[in-house]
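Reading through the structure tokens given below for one structure.
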Amino acid sequence: MAALRAELARRGLSGLVVPRADRHQDEYLPACEERLAWLTGFTGSAGAAIVLSDRAVLFVDGRYTIQARQQADASLFLIEHLIENPPDRWIETNLASGDQLAYDPWLHTVEGAERIRKACAAAGATLIATERNLIDEIWTDRPSPPLGAVTLHALRFAGEPAEHKRERIASELAILRADALVISDPHAVAWTFNIRGADVAHTPLPLSFAIVPRQDRPSIYIDGRKLSNEVRSHLETLAEVRPEGAFEKALTALGRQKLRVRIDQATAADALASLIRSASGTLLPGPDPTALMKSVKNEVEIAGARAAHIRDGAALVRFLAWFDDRAAAGGLSEIEAVEALESFRREGGLLKDISFPTIAGAGPDGAIVHYRVTLGTNRPISAGELFLIDSGGQYEDGTTDVTRTIAVGEPSAEMRERFTLVLKGHIAIARSVFPDGTTGAQLDSFARRSLWEAGLDFDHGTGHGVGSYLSVHEGPARISKLGATALKRGMILSNEPGYYKTGAYGIRIENLVLVVEARGVAGAEKPLNAFDTLTLAPIDRRLVVTEMLSGEETGWLDHYHARVLATLSPVLDTATTAWLTAATRPLGLR
């Protein structure tokens with residue numbers, strides 16, 4: 001902090017905005033891009049800081065309020081809610097007239113930079129773009145950029161040739177009357193060209209950019225050291241392969257040709273837009289059309305997702321059976337549980353990586369929504385507690401994400417009641433039938449109604465999109481209060497309501513669901529959709545208050561458990577099948 005303030009003073013600047021971001025707005029960052037963590041100590045997946053000469057503030061959302069207080073130095077940083085009091089609002093009320101606030105235009109989206117710029121203007125201050133990132137100027141042992149090898153994503157997994165995707169993008173550009181699309185999101189680059197990479201943890205991304213003209217050949221901008229001869233030769237049949245350093249010149253060239261360029265202002269860097277605009281290009285801001293294309297899985301990807309969930313479900317059931325035995329004996333820790341689950345997944349031989357760092361919280365740690373166990377926080381899993389474990393796997397045919405809350409010993413009446421309220425919300429989403437065109441925001445309250453009626457809630461979305469051997473958190477669709485994208489058949493989303501009692505326990509029940517056509521609705525006057533649950537793992541019956549469930553809710557859980565048993569028992573050993581049979585018996589049977 002002292003070094004940063006000295007650098008600001010040397011440049012005559014009043015402060016700096018430090019987002020948790022890289023040039024692509026990725027969720028998982030390479031070590032060299034973790035500037036917010038380096039400065040503040042906060043390691044969550046979303047946040048920002050503003051450092052002024054006399055004070056500093058760290059912004060985090062509801063998932064990370066507890067974690068931020070544990071990790072950041074309270075003598076240096078005030079903690080603010082990222083949503084309720086966002087950086088732009090804080091700037092407007094805390095900057096003084098004449099202040100000059102610095103920002104790195106490559107780490108802020110077009111929309112984000114504009115919000116900050118307006119807030120500065122309202123305070124009589126000025127937003128100043130820096131040519132070099134000021135954190136990098138003082139981060140003397142900053143790691144080198146990653147050089148993960150790029151691989152080809154085979155057609156048997158992708159389900160659609162890259163050439164066909166290119167044609168679809170060109171058709172969409174024609175509708176938009178755009179001359180070119182700039183792709184700044186590596187997920188979209190990976191999907192467009194059917195490639196995967198290894199530049200960040202848990203998501204097989206090749207950090208790269210691309211430009212897709214409506215008529216000419218596309219170009220991909222990537223560090224050539226990541227490409228084998230085979231991969232380079234294949235990519236060169238699809239696009240011009242150019243060094244990453246040539247991207248800025250290419251953007252300027254688009255502007256000089258006075259082209260109409262589509263960029264996603266919600267994800268594209270402000271610097272990218274400035275380069276095109278300053279060279280006289282015309283920006284056509286709007287969603288990257290590949291994001292919606294990517295989110296709707298084709299038949300091959302859907303079949304792959306189903307296969308991945310059978311494989312993953314078998315591993316999870318082996319873990320749950322093991323956990324019940326070990327936890328009852330005592331002495332099991334959070335880290336041991338994490339290591340065991342990852343081992344069960346790897347034993348299948350097809351796991352490429354976990355899809356995110358496993359969340360394994362016992363007792364009060366479960367109340368920290370995105371808790372990450374460390375050697376310093378590791379605690380024993382004790383009788384009378386709830387144990388929450390949220391995990392997933394990356395397989396070439398699909399990405400998984402599942403959360404189970406497990407009773408260790410005898411749960412309290414309150415734990416069972418609140419678990420059942422969460423379960424009712426989970427079932428409400430799973431059983432939803434909704435008109436084609438319905439958004440996630442319209443469904444989000446279904447998951448909360450029972451909790452609301454008890455005066456309870458949870459401070460995160462109900463569900464997020466999931467990629468196909470890509471990000472476990474994929475846009476644009478989500479089930480949340482902010483979910484404005486219509487849910488389309490073929491989308492895969494999570495269904496994960498929860499409840500968290502600070503200092504006591506956490507509850508979350510998460511399955512992945514596929515949007516499908518709703519069938520058997522007599523007299524329907526419009527097309528209807530529904531969810532097909534993909535995840536296969538038992539929900540802890542010991543935590544269910546049967547009397548709180550309706551007949552339809554009980555029927556859903558019993559039917560789901562019967563399907564889990566029928567699907568997984570053929571791939572499990574005799575002892576694990578016996579455990580699963582007991583774990584999935586109908587609620588009416590004790």
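Going by the structure tokens order, chains are called A, B, ..., each with residues numbered from 1, while ligands are numbered from 1 in the order shown.
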Could you write out, as a short mmCIF file (atom, residue, chain, number, x, y, z; two decimals) with all heavy atoms, in the first residue's frame, all the residues of region 379-575 of chain A that DSSP marks as strand (DSSP E or B)?
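Saved file part08.cif follows:
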```cif
data_model
loop_
_atom_site.label_atom_id
_atom_site.label_comp_id
_atom_site.auth_asym_id
_atom_site.auth_seq_id
_atom_site.Cartn_x
_atom_site.Cartn_y
_atom_site.Cartn_z
N PRO A 380 -11.64 -29.96 11.93
CA PRO A 380 -12.23 -31.31 11.95
C PRO A 380 -13.72 -31.25 11.68
O PRO A 380 -14.38 -30.24 11.97
CB PRO A 380 -11.93 -31.80 13.37
CG PRO A 380 -11.76 -30.57 14.19
CD PRO A 380 -11.15 -29.55 13.26
N GLU A 385 -22.76 -31.51 13.31
CA GLU A 385 -22.55 -30.43 12.35
C GLU A 385 -23.15 -30.80 10.99
O GLU A 385 -23.44 -31.96 10.71
CB GLU A 385 -21.06 -30.15 12.16
CG GLU A 385 -20.38 -29.54 13.35
CD GLU A 385 -18.93 -29.17 13.05
OE1 GLU A 385 -18.31 -29.78 12.15
OE2 GLU A 385 -18.43 -28.26 13.73
N LEU A 386 -23.27 -29.79 10.16
CA LEU A 386 -23.53 -29.99 8.75
C LEU A 386 -22.22 -29.83 7.99
O LEU A 386 -21.40 -28.99 8.35
CB LEU A 386 -24.56 -28.99 8.22
CG LEU A 386 -25.97 -29.07 8.81
CD1 LEU A 386 -26.87 -28.05 8.13
CD2 LEU A 386 -26.54 -30.47 8.67
N PHE A 387 -22.05 -30.62 6.96
CA PHE A 387 -20.87 -30.52 6.10
C PHE A 387 -21.34 -30.21 4.69
O PHE A 387 -22.13 -30.97 4.11
CB PHE A 387 -20.07 -31.81 6.13
CG PHE A 387 -18.85 -31.80 5.23
CD1 PHE A 387 -17.82 -30.90 5.46
CD2 PHE A 387 -18.76 -32.67 4.15
CE1 PHE A 387 -16.69 -30.89 4.64
CE2 PHE A 387 -17.64 -32.67 3.33
CZ PHE A 387 -16.61 -31.77 3.58
N LEU A 388 -20.91 -29.08 4.16
CA LEU A 388 -21.29 -28.65 2.81
C LEU A 388 -20.11 -28.86 1.87
O LEU A 388 -19.01 -28.37 2.14
CB LEU A 388 -21.71 -27.17 2.82
CG LEU A 388 -22.26 -26.56 1.55
CD1 LEU A 388 -23.16 -25.36 1.88
CD2 LEU A 388 -21.17 -26.09 0.60
N ILE A 389 -20.33 -29.59 0.78
CA ILE A 389 -19.26 -29.80 -0.19
C ILE A 389 -19.77 -29.50 -1.60
O ILE A 389 -20.75 -30.08 -2.06
CB ILE A 389 -18.65 -31.21 -0.08
CG1 ILE A 389 -17.41 -31.31 -0.98
CG2 ILE A 389 -19.67 -32.31 -0.33
CD1 ILE A 389 -16.42 -32.37 -0.55
N ASP A 390 -19.13 -28.54 -2.24
CA ASP A 390 -19.50 -28.03 -3.57
C ASP A 390 -18.29 -28.29 -4.47
O ASP A 390 -17.20 -27.79 -4.21
CB ASP A 390 -19.80 -26.54 -3.46
CG ASP A 390 -20.30 -25.93 -4.77
OD1 ASP A 390 -20.23 -26.60 -5.81
OD2 ASP A 390 -20.74 -24.77 -4.73
N SER A 391 -18.49 -29.07 -5.52
CA SER A 391 -17.35 -29.50 -6.33
C SER A 391 -17.79 -29.79 -7.75
O SER A 391 -18.98 -29.81 -8.06
CB SER A 391 -16.73 -30.76 -5.72
OG SER A 391 -17.64 -31.85 -5.81
N GLY A 393 -16.19 -31.42 -11.91
CA GLY A 393 -15.10 -31.96 -12.71
C GLY A 393 -15.14 -31.44 -14.14
O GLY A 393 -16.20 -31.08 -14.66
N GLN A 394 -13.97 -31.38 -14.74
CA GLN A 394 -13.83 -31.05 -16.16
C GLN A 394 -13.48 -32.32 -16.92
O GLN A 394 -12.42 -32.92 -16.71
CB GLN A 394 -12.72 -30.00 -16.37
CG GLN A 394 -13.06 -28.60 -15.89
CD GLN A 394 -13.99 -27.85 -16.85
OE1 GLN A 394 -14.57 -28.45 -17.76
NE2 GLN A 394 -14.12 -26.56 -16.65
N TYR A 395 -14.39 -32.72 -17.79
CA TYR A 395 -14.17 -33.85 -18.68
C TYR A 395 -14.30 -33.35 -20.10
O TYR A 395 -15.02 -32.37 -20.35
CB TYR A 395 -15.21 -34.95 -18.43
CG TYR A 395 -15.30 -35.40 -16.99
CD1 TYR A 395 -16.20 -34.79 -16.10
CD2 TYR A 395 -14.52 -36.45 -16.51
CE1 TYR A 395 -16.29 -35.21 -14.78
CE2 TYR A 395 -14.61 -36.88 -15.19
CZ TYR A 395 -15.50 -36.25 -14.33
OH TYR A 395 -15.59 -36.67 -13.02
N GLY A 398 -17.87 -32.98 -20.97
CA GLY A 398 -18.80 -32.18 -20.19
C GLY A 398 -18.17 -31.64 -18.91
O GLY A 398 -17.15 -32.13 -18.44
N THR A 399 -18.82 -30.63 -18.37
CA THR A 399 -18.40 -29.96 -17.13
C THR A 399 -19.47 -30.18 -16.08
O THR A 399 -20.66 -30.03 -16.37
CB THR A 399 -18.19 -28.46 -17.39
OG1 THR A 399 -17.18 -28.29 -18.38
CG2 THR A 399 -17.77 -27.73 -16.13
N VAL A 402 -21.74 -29.74 -8.55
CA VAL A 402 -22.75 -30.33 -7.67
C VAL A 402 -22.43 -29.97 -6.23
O VAL A 402 -21.28 -29.94 -5.84
CB VAL A 402 -22.79 -31.87 -7.85
CG1 VAL A 402 -21.41 -32.49 -7.71
CG2 VAL A 402 -23.77 -32.52 -6.86
N THR A 403 -23.48 -29.68 -5.47
CA THR A 403 -23.31 -29.41 -4.04
C THR A 403 -24.23 -30.33 -3.24
O THR A 403 -25.41 -30.47 -3.58
CB THR A 403 -23.65 -27.96 -3.68
OG1 THR A 403 -22.90 -27.08 -4.52
CG2 THR A 403 -23.31 -27.66 -2.23
N ARG A 404 -23.66 -30.92 -2.19
CA ARG A 404 -24.47 -31.68 -1.25
C ARG A 404 -24.15 -31.20 0.17
O ARG A 404 -23.01 -30.89 0.49
CB ARG A 404 -24.19 -33.18 -1.37
CG ARG A 404 -24.75 -33.80 -2.64
CD ARG A 404 -26.26 -33.73 -2.68
NE ARG A 404 -26.86 -34.33 -3.87
CZ ARG A 404 -27.21 -33.65 -4.95
NH1 ARG A 404 -26.99 -32.32 -5.01
NH2 ARG A 404 -27.77 -34.26 -5.98
N THR A 405 -25.20 -31.15 0.98
CA THR A 405 -25.07 -30.84 2.40
C THR A 405 -25.36 -32.12 3.17
O THR A 405 -26.41 -32.75 2.95
CB THR A 405 -26.04 -29.72 2.80
OG1 THR A 405 -25.82 -28.58 1.96
CG2 THR A 405 -25.85 -29.33 4.25
N ILE A 406 -24.46 -32.50 4.06
CA ILE A 406 -24.50 -33.81 4.69
C ILE A 406 -24.60 -33.66 6.20
O ILE A 406 -23.88 -32.85 6.81
CB ILE A 406 -23.24 -34.62 4.33
CG1 ILE A 406 -22.99 -34.61 2.82
CG2 ILE A 406 -23.34 -36.05 4.85
CD1 ILE A 406 -21.60 -35.05 2.43
N ALA A 407 -25.48 -34.44 6.80
CA ALA A 407 -25.58 -34.46 8.26
C ALA A 407 -24.47 -35.33 8.83
O ALA A 407 -24.25 -36.46 8.36
CB ALA A 407 -26.93 -35.00 8.68
N VAL A 408 -23.76 -34.82 9.81
CA VAL A 408 -22.75 -35.59 10.52
C VAL A 408 -23.30 -35.84 11.92
O VAL A 408 -23.45 -34.91 12.72
CB VAL A 408 -21.40 -34.84 10.59
CG1 VAL A 408 -20.35 -35.70 11.28
CG2 VAL A 408 -20.94 -34.44 9.19
N VAL A 433 -42.35 -25.44 -15.08
CA VAL A 433 -42.77 -25.44 -16.48
C VAL A 433 -43.03 -23.99 -16.83
O VAL A 433 -43.75 -23.28 -16.12
CB VAL A 433 -44.05 -26.29 -16.68
CG1 VAL A 433 -44.54 -26.19 -18.12
CG2 VAL A 433 -43.78 -27.74 -16.31
N PHE A 434 -42.42 -23.51 -17.92
CA PHE A 434 -42.47 -22.08 -18.19
C PHE A 434 -42.51 -21.82 -19.70
O PHE A 434 -41.98 -22.60 -20.50
CB PHE A 434 -41.26 -21.38 -17.57
CG PHE A 434 -39.93 -22.06 -17.83
CD1 PHE A 434 -39.13 -21.67 -18.90
CD2 PHE A 434 -39.49 -23.09 -17.01
CE1 PHE A 434 -37.92 -22.30 -19.14
CE2 PHE A 434 -38.27 -23.71 -17.24
CZ PHE A 434 -37.48 -23.32 -18.32
N PRO A 435 -43.16 -20.73 -20.10
CA PRO A 435 -43.28 -20.41 -21.52
C PRO A 435 -41.91 -20.16 -22.16
O PRO A 435 -40.99 -19.64 -21.51
CB PRO A 435 -44.13 -19.14 -21.54
CG PRO A 435 -44.82 -19.12 -20.23
CD PRO A 435 -43.89 -19.77 -19.26
N THR A 439 -37.24 -15.67 -18.71
CA THR A 439 -35.88 -15.38 -18.26
C THR A 439 -35.62 -16.00 -16.89
O THR A 439 -36.54 -16.37 -16.17
CB THR A 439 -35.66 -13.86 -18.16
OG1 THR A 439 -36.48 -13.34 -17.09
CG2 THR A 439 -36.00 -13.16 -19.47
N GLY A 463 -28.92 -19.81 -9.90
CA GLY A 463 -28.26 -20.68 -10.86
C GLY A 463 -27.46 -19.91 -11.89
O GLY A 463 -27.75 -18.75 -12.19
N HIS A 464 -26.46 -20.57 -12.44
CA HIS A 464 -25.60 -19.99 -13.47
C HIS A 464 -25.51 -20.96 -14.64
O HIS A 464 -25.74 -22.17 -14.49
CB HIS A 464 -24.19 -19.73 -12.90
CG HIS A 464 -23.56 -20.95 -12.26
ND1 HIS A 464 -22.95 -21.95 -12.99
CD2 HIS A 464 -23.47 -21.32 -10.96
CE1 HIS A 464 -22.51 -22.88 -12.16
NE2 HIS A 464 -22.82 -22.53 -10.92
N GLY A 465 -25.17 -20.44 -15.80
CA GLY A 465 -24.93 -21.29 -16.94
C GLY A 465 -23.66 -22.09 -16.78
O GLY A 465 -22.75 -21.71 -16.03
N GLU A 474 -20.88 -19.95 -16.89
CA GLU A 474 -20.97 -19.48 -18.28
C GLU A 474 -22.20 -18.59 -18.46
O GLU A 474 -23.29 -18.93 -18.00
CB GLU A 474 -21.05 -20.69 -19.23
CG GLU A 474 -21.21 -20.31 -20.69
CD GLU A 474 -21.29 -21.53 -21.60
OE1 GLU A 474 -22.39 -22.07 -21.81
OE2 GLU A 474 -20.23 -21.97 -22.09
N GLY A 475 -22.00 -17.47 -19.14
CA GLY A 475 -23.13 -16.61 -19.49
C GLY A 475 -23.67 -17.00 -20.86
O GLY A 475 -23.17 -17.91 -21.50
N PRO A 476 -24.70 -16.27 -21.32
CA PRO A 476 -25.33 -15.13 -20.66
C PRO A 476 -26.51 -15.50 -19.76
O PRO A 476 -27.02 -14.67 -19.03
CB PRO A 476 -25.81 -14.29 -21.83
CG PRO A 476 -26.16 -15.32 -22.88
CD PRO A 476 -25.15 -16.43 -22.71
N ALA A 477 -26.95 -16.76 -19.82
CA ALA A 477 -28.15 -17.14 -19.07
C ALA A 477 -27.81 -17.45 -17.62
O ALA A 477 -26.75 -17.99 -17.31
CB ALA A 477 -28.81 -18.36 -19.72
N ARG A 478 -28.72 -17.10 -16.73
CA ARG A 478 -28.60 -17.45 -15.31
C ARG A 478 -29.97 -17.35 -14.68
O ARG A 478 -30.87 -16.68 -15.19
CB ARG A 478 -27.61 -16.53 -14.60
CG ARG A 478 -27.87 -15.04 -14.79
CD ARG A 478 -26.83 -14.20 -14.08
NE ARG A 478 -26.86 -12.82 -14.49
CZ ARG A 478 -26.23 -11.84 -13.85
NH1 ARG A 478 -25.53 -12.10 -12.77
NH2 ARG A 478 -26.28 -10.59 -14.28
N ILE A 479 -30.12 -18.03 -13.55
CA ILE A 479 -31.35 -17.93 -12.76
C ILE A 479 -31.01 -17.05 -11.57
O ILE A 479 -30.39 -17.49 -10.60
CB ILE A 479 -31.84 -19.32 -12.31
CG1 ILE A 479 -32.03 -20.25 -13.51
CG2 ILE A 479 -33.15 -19.19 -11.53
CD1 ILE A 479 -32.34 -21.69 -13.13
N ALA A 486 -33.32 -14.91 -22.00
CA ALA A 486 -34.33 -15.96 -22.10
C ALA A 486 -33.66 -17.32 -22.06
O ALA A 486 -32.61 -17.54 -22.67
CB ALA A 486 -35.13 -15.79 -23.38
N ILE A 492 -27.59 -25.41 -20.27
CA ILE A 492 -27.36 -26.11 -19.02
C ILE A 492 -27.11 -25.07 -17.94
O ILE A 492 -26.27 -24.18 -18.11
CB ILE A 492 -26.17 -27.08 -19.13
CG1 ILE A 492 -26.47 -28.18 -20.15
CG2 ILE A 492 -25.83 -27.69 -17.78
CD1 ILE A 492 -25.30 -29.11 -20.43
N LEU A 493 -27.87 -25.18 -16.84
CA LEU A 493 -27.73 -24.23 -15.74
C LEU A 493 -27.68 -24.99 -14.42
O LEU A 493 -28.05 -26.17 -14.34
CB LEU A 493 -28.91 -23.26 -15.71
CG LEU A 493 -29.12 -22.41 -16.97
CD1 LEU A 493 -30.33 -22.94 -17.73
CD2 LEU A 493 -29.31 -20.95 -16.63
N SER A 494 -27.23 -24.30 -13.38
CA SER A 494 -27.27 -24.89 -12.05
C SER A 494 -28.57 -24.50 -11.36
O SER A 494 -29.19 -23.48 -11.68
CB SER A 494 -26.08 -24.43 -11.21
OG SER A 494 -26.15 -23.04 -10.94
N ASN A 495 -28.98 -25.34 -10.43
CA ASN A 495 -30.15 -25.10 -9.58
C ASN A 495 -29.62 -25.24 -8.16
O ASN A 495 -29.45 -26.35 -7.67
CB ASN A 495 -31.23 -26.13 -9.89
CG ASN A 495 -32.39 -26.10 -8.89
OD1 ASN A 495 -32.51 -25.19 -8.08
ND2 ASN A 495 -33.24 -27.13 -8.94
N GLY A 498 -29.84 -21.94 -1.34
CA GLY A 498 -29.12 -22.24 -0.10
C GLY A 498 -29.63 -21.42 1.06
O GLY A 498 -30.55 -20.60 0.94
N TYR A 499 -29.01 -21.67 2.21
CA TYR A 499 -29.26 -20.87 3.41
C TYR A 499 -27.98 -20.93 4.24
O TYR A 499 -27.36 -21.99 4.37
CB TYR A 499 -30.44 -21.39 4.23
CG TYR A 499 -30.50 -20.73 5.59
CD1 TYR A 499 -30.94 -19.41 5.70
CD2 TYR A 499 -30.06 -21.38 6.73
CE1 TYR A 499 -30.95 -18.77 6.93
CE2 TYR A 499 -30.06 -20.74 7.97
CZ TYR A 499 -30.50 -19.44 8.05
OH TYR A 499 -30.49 -18.79 9.26
N TYR A 500 -27.60 -19.79 4.84
CA TYR A 500 -26.33 -19.71 5.54
C TYR A 500 -26.53 -18.97 6.86
O TYR A 500 -26.95 -17.82 6.88
CB TYR A 500 -25.29 -18.99 4.68
CG TYR A 500 -25.25 -19.57 3.28
CD1 TYR A 500 -26.05 -19.03 2.26
CD2 TYR A 500 -24.49 -20.69 3.00
CE1 TYR A 500 -26.08 -19.60 1.00
CE2 TYR A 500 -24.50 -21.27 1.73
CZ TYR A 500 -25.30 -20.72 0.74
OH TYR A 500 -25.33 -21.30 -0.51
N LYS A 501 -26.25 -19.66 7.95
CA LYS A 501 -26.36 -19.06 9.27
C LYS A 501 -24.94 -18.78 9.76
O LYS A 501 -24.19 -19.70 10.10
CB LYS A 501 -27.08 -19.99 10.25
CG LYS A 501 -27.33 -19.35 11.61
CD LYS A 501 -28.19 -20.24 12.49
CE LYS A 501 -28.48 -19.54 13.82
NZ LYS A 501 -29.36 -20.36 14.69
N TYR A 505 -23.67 -22.80 10.38
CA TYR A 505 -23.70 -23.84 9.34
C TYR A 505 -24.16 -23.22 8.02
O TYR A 505 -24.71 -22.11 7.98
CB TYR A 505 -24.64 -25.00 9.72
CG TYR A 505 -26.07 -24.57 10.01
CD1 TYR A 505 -27.00 -24.40 8.98
CD2 TYR A 505 -26.49 -24.35 11.31
CE1 TYR A 505 -28.29 -24.01 9.24
CE2 TYR A 505 -27.80 -23.95 11.59
CZ TYR A 505 -28.69 -23.79 10.54
OH TYR A 505 -29.98 -23.40 10.80
N GLY A 506 -23.93 -23.96 6.95
CA GLY A 506 -24.41 -23.57 5.63
C GLY A 506 -25.13 -24.73 4.97
O GLY A 506 -24.82 -25.90 5.23
N ILE A 507 -26.11 -24.40 4.13
CA ILE A 507 -26.89 -25.40 3.41
C ILE A 507 -26.96 -24.98 1.95
O ILE A 507 -27.26 -23.82 1.64
CB ILE A 507 -28.32 -25.51 3.96
CG1 ILE A 507 -28.31 -25.98 5.43
CG2 ILE A 507 -29.18 -26.44 3.11
CD1 ILE A 507 -29.63 -25.76 6.14
N ARG A 508 -26.65 -25.88 1.05
CA ARG A 508 -26.86 -25.65 -0.38
C ARG A 508 -27.13 -26.99 -1.04
O ARG A 508 -26.46 -27.99 -0.71
CB ARG A 508 -25.65 -24.95 -1.01
CG ARG A 508 -25.89 -24.52 -2.46
CD ARG A 508 -24.93 -23.42 -2.93
NE ARG A 508 -23.53 -23.80 -2.93
CZ ARG A 508 -22.62 -23.32 -2.09
NH1 ARG A 508 -22.97 -22.46 -1.14
NH2 ARG A 508 -21.35 -23.70 -2.17
N GLU A 510 -27.37 -28.44 -4.88
CA GLU A 510 -27.13 -28.02 -6.27
C GLU A 510 -27.10 -29.20 -7.22
O GLU A 510 -26.35 -30.16 -7.03
CB GLU A 510 -25.80 -27.27 -6.37
CG GLU A 510 -25.45 -26.86 -7.80
CD GLU A 510 -24.07 -26.23 -7.91
OE1 GLU A 510 -23.25 -26.41 -6.99
OE2 GLU A 510 -23.81 -25.59 -8.95
N ASN A 511 -27.92 -29.12 -8.24
CA ASN A 511 -27.88 -30.01 -9.39
C ASN A 511 -27.75 -29.17 -10.66
O ASN A 511 -28.17 -28.01 -10.67
CB ASN A 511 -29.17 -30.84 -9.51
CG ASN A 511 -29.25 -31.94 -8.46
OD1 ASN A 511 -28.25 -32.35 -7.88
ND2 ASN A 511 -30.47 -32.42 -8.21
N LEU A 512 -27.22 -29.74 -11.71
CA LEU A 512 -27.27 -29.09 -13.02
C LEU A 512 -28.52 -29.57 -13.75
O LEU A 512 -28.91 -30.74 -13.64
CB LEU A 512 -26.02 -29.41 -13.84
CG LEU A 512 -24.70 -28.91 -13.26
CD1 LEU A 512 -23.59 -29.01 -14.30
CD2 LEU A 512 -24.81 -27.48 -12.74
N VAL A 513 -29.13 -28.64 -14.47
CA VAL A 513 -30.37 -28.94 -15.20
C VAL A 513 -30.22 -28.51 -16.66
O VAL A 513 -29.50 -27.56 -16.97
CB VAL A 513 -31.59 -28.25 -14.55
CG1 VAL A 513 -31.84 -28.80 -13.17
CG2 VAL A 513 -31.41 -26.73 -14.50
N LEU A 514 -30.92 -29.22 -17.52
CA LEU A 514 -30.94 -28.94 -18.96
C LEU A 514 -32.32 -28.41 -19.33
O LEU A 514 -33.34 -28.99 -18.94
CB LEU A 514 -30.64 -30.22 -19.74
CG LEU A 514 -30.81 -30.19 -21.25
CD1 LEU A 514 -29.72 -29.35 -21.91
CD2 LEU A 514 -30.79 -31.61 -21.82
N VAL A 515 -32.35 -27.30 -20.07
CA VAL A 515 -33.63 -26.77 -20.54
C VAL A 515 -34.11 -27.65 -21.69
O VAL A 515 -33.41 -27.84 -22.69
CB VAL A 515 -33.50 -25.30 -21.00
CG1 VAL A 515 -34.86 -24.77 -21.43
CG2 VAL A 515 -32.92 -24.43 -19.89
N VAL A 516 -35.33 -28.19 -21.55
CA VAL A 516 -35.91 -29.08 -22.55
C VAL A 516 -37.35 -28.65 -22.84
O VAL A 516 -37.92 -27.81 -22.14
CB VAL A 516 -35.90 -30.55 -22.07
CG1 VAL A 516 -34.48 -31.05 -21.85
CG2 VAL A 516 -36.73 -30.71 -20.79
N GLU A 517 -37.92 -29.23 -23.87
CA GLU A 517 -39.33 -28.98 -24.17
C GLU A 517 -40.19 -29.64 -23.11
O GLU A 517 -39.97 -30.80 -22.74
CB GLU A 517 -39.67 -29.55 -25.55
CG GLU A 517 -41.13 -29.36 -25.95
CD GLU A 517 -41.46 -29.99 -27.29
OE1 GLU A 517 -40.55 -30.59 -27.90
OE2 GLU A 517 -42.63 -29.91 -27.71
N LEU A 528 -43.87 -24.55 -24.34
CA LEU A 528 -43.46 -24.58 -22.95
C LEU A 528 -42.14 -25.31 -22.79
O LEU A 528 -41.85 -26.28 -23.51
CB LEU A 528 -44.53 -25.26 -22.08
CG LEU A 528 -45.91 -24.60 -22.04
CD1 LEU A 528 -46.87 -25.47 -21.24
CD2 LEU A 528 -45.82 -23.20 -21.43
N ASN A 529 -41.36 -24.88 -21.83
CA ASN A 529 -40.09 -25.52 -21.51
C ASN A 529 -40.10 -26.04 -20.09
O ASN A 529 -40.95 -25.66 -19.27
CB ASN A 529 -38.93 -24.53 -21.69
CG ASN A 529 -38.74 -24.11 -23.14
OD1 ASN A 529 -39.10 -24.85 -24.05
ND2 ASN A 529 -38.21 -22.92 -23.35
N ALA A 530 -39.13 -26.88 -19.78
CA ALA A 530 -38.98 -27.44 -18.44
C ALA A 530 -37.51 -27.74 -18.23
O ALA A 530 -36.67 -27.50 -19.10
CB ALA A 530 -39.84 -28.69 -18.29
N PHE A 531 -37.19 -28.28 -17.06
CA PHE A 531 -35.81 -28.65 -16.75
C PHE A 531 -35.71 -30.17 -16.61
O PHE A 531 -36.57 -30.81 -15.99
CB PHE A 531 -35.35 -28.02 -15.44
CG PHE A 531 -35.18 -26.53 -15.49
CD1 PHE A 531 -35.87 -25.70 -14.62
CD2 PHE A 531 -34.32 -25.95 -16.41
CE1 PHE A 531 -35.71 -24.32 -14.65
CE2 PHE A 531 -34.14 -24.57 -16.46
CZ PHE A 531 -34.84 -23.76 -15.58
N ASP A 532 -34.65 -30.71 -17.18
CA ASP A 532 -34.30 -32.12 -16.98
C ASP A 532 -33.03 -32.14 -16.13
O ASP A 532 -32.00 -31.57 -16.52
CB ASP A 532 -34.04 -32.77 -18.34
CG ASP A 532 -33.69 -34.24 -18.23
OD1 ASP A 532 -33.88 -34.82 -17.14
OD2 ASP A 532 -33.20 -34.82 -19.22
N THR A 533 -33.11 -32.75 -14.95
CA THR A 533 -31.96 -32.77 -14.04
C THR A 533 -30.90 -33.73 -14.55
O THR A 533 -31.18 -34.90 -14.82
CB THR A 533 -32.40 -33.16 -12.62
OG1 THR A 533 -33.31 -32.17 -12.13
CG2 THR A 533 -31.21 -33.24 -11.68
#
```
With only C-alpha atoms counted and 8 Å as the cut-off, give the residues of region 167-269 of chain A in contact with region 138-156 of chain A, each with its shortest interatomic distance in Å and the pair that gives it, as JSON lines.
```
{"residue": "A:Asn194", "atom": "CA", "partner": "A:His153", "partner_atom": "CA", "distance": 5.0}
{"residue": "A:Ile195", "atom": "CA", "partner": "A:Leu152", "partner_atom": "CA", "distance": 4.5}
{"residue": "A:Arg196", "atom": "CA", "partner": "A:Thr151", "partner_atom": "CA", "distance": 5.3}
{"residue": "A:Gly197", "atom": "CA", "partner": "A:Val150", "partner_atom": "CA", "distance": 4.4}
{"residue": "A:Ala198", "atom": "CA", "partner": "A:Gly148", "partner_atom": "CA", "distance": 4.3}
{"residue": "A:Asp199", "atom": "CA", "partner": "A:Gly148", "partner_atom": "CA", "distance": 4.7}
{"residue": "A:Val200", "atom": "CA", "partner": "A:Pro146", "partner_atom": "CA", "distance": 7.7}
{"residue": "A:Pro206", "atom": "CA", "partner": "A:Val150", "partner_atom": "CA", "distance": 6.2}
{"residue": "A:Asp223", "atom": "CA", "partner": "A:Leu147", "partner_atom": "CA", "distance": 7.7}
{"residue": "A:Arg225", "atom": "CA", "partner": "A:Leu147", "partner_atom": "CA", "distance": 6.8}
{"residue": "A:Lys226", "atom": "CA", "partner": "A:Ala149", "partner_atom": "CA", "distance": 4.6}
{"residue": "A:Leu227", "atom": "CA", "partner": "A:Val150", "partner_atom": "CA", "distance": 5.7}
{"residue": "A:Ser228", "atom": "CA", "partner": "A:Val150", "partner_atom": "CA", "distance": 7.6}
{"residue": "A:Val231", "atom": "CA", "partner": "A:Thr151", "partner_atom": "CA", "distance": 6.6}
```
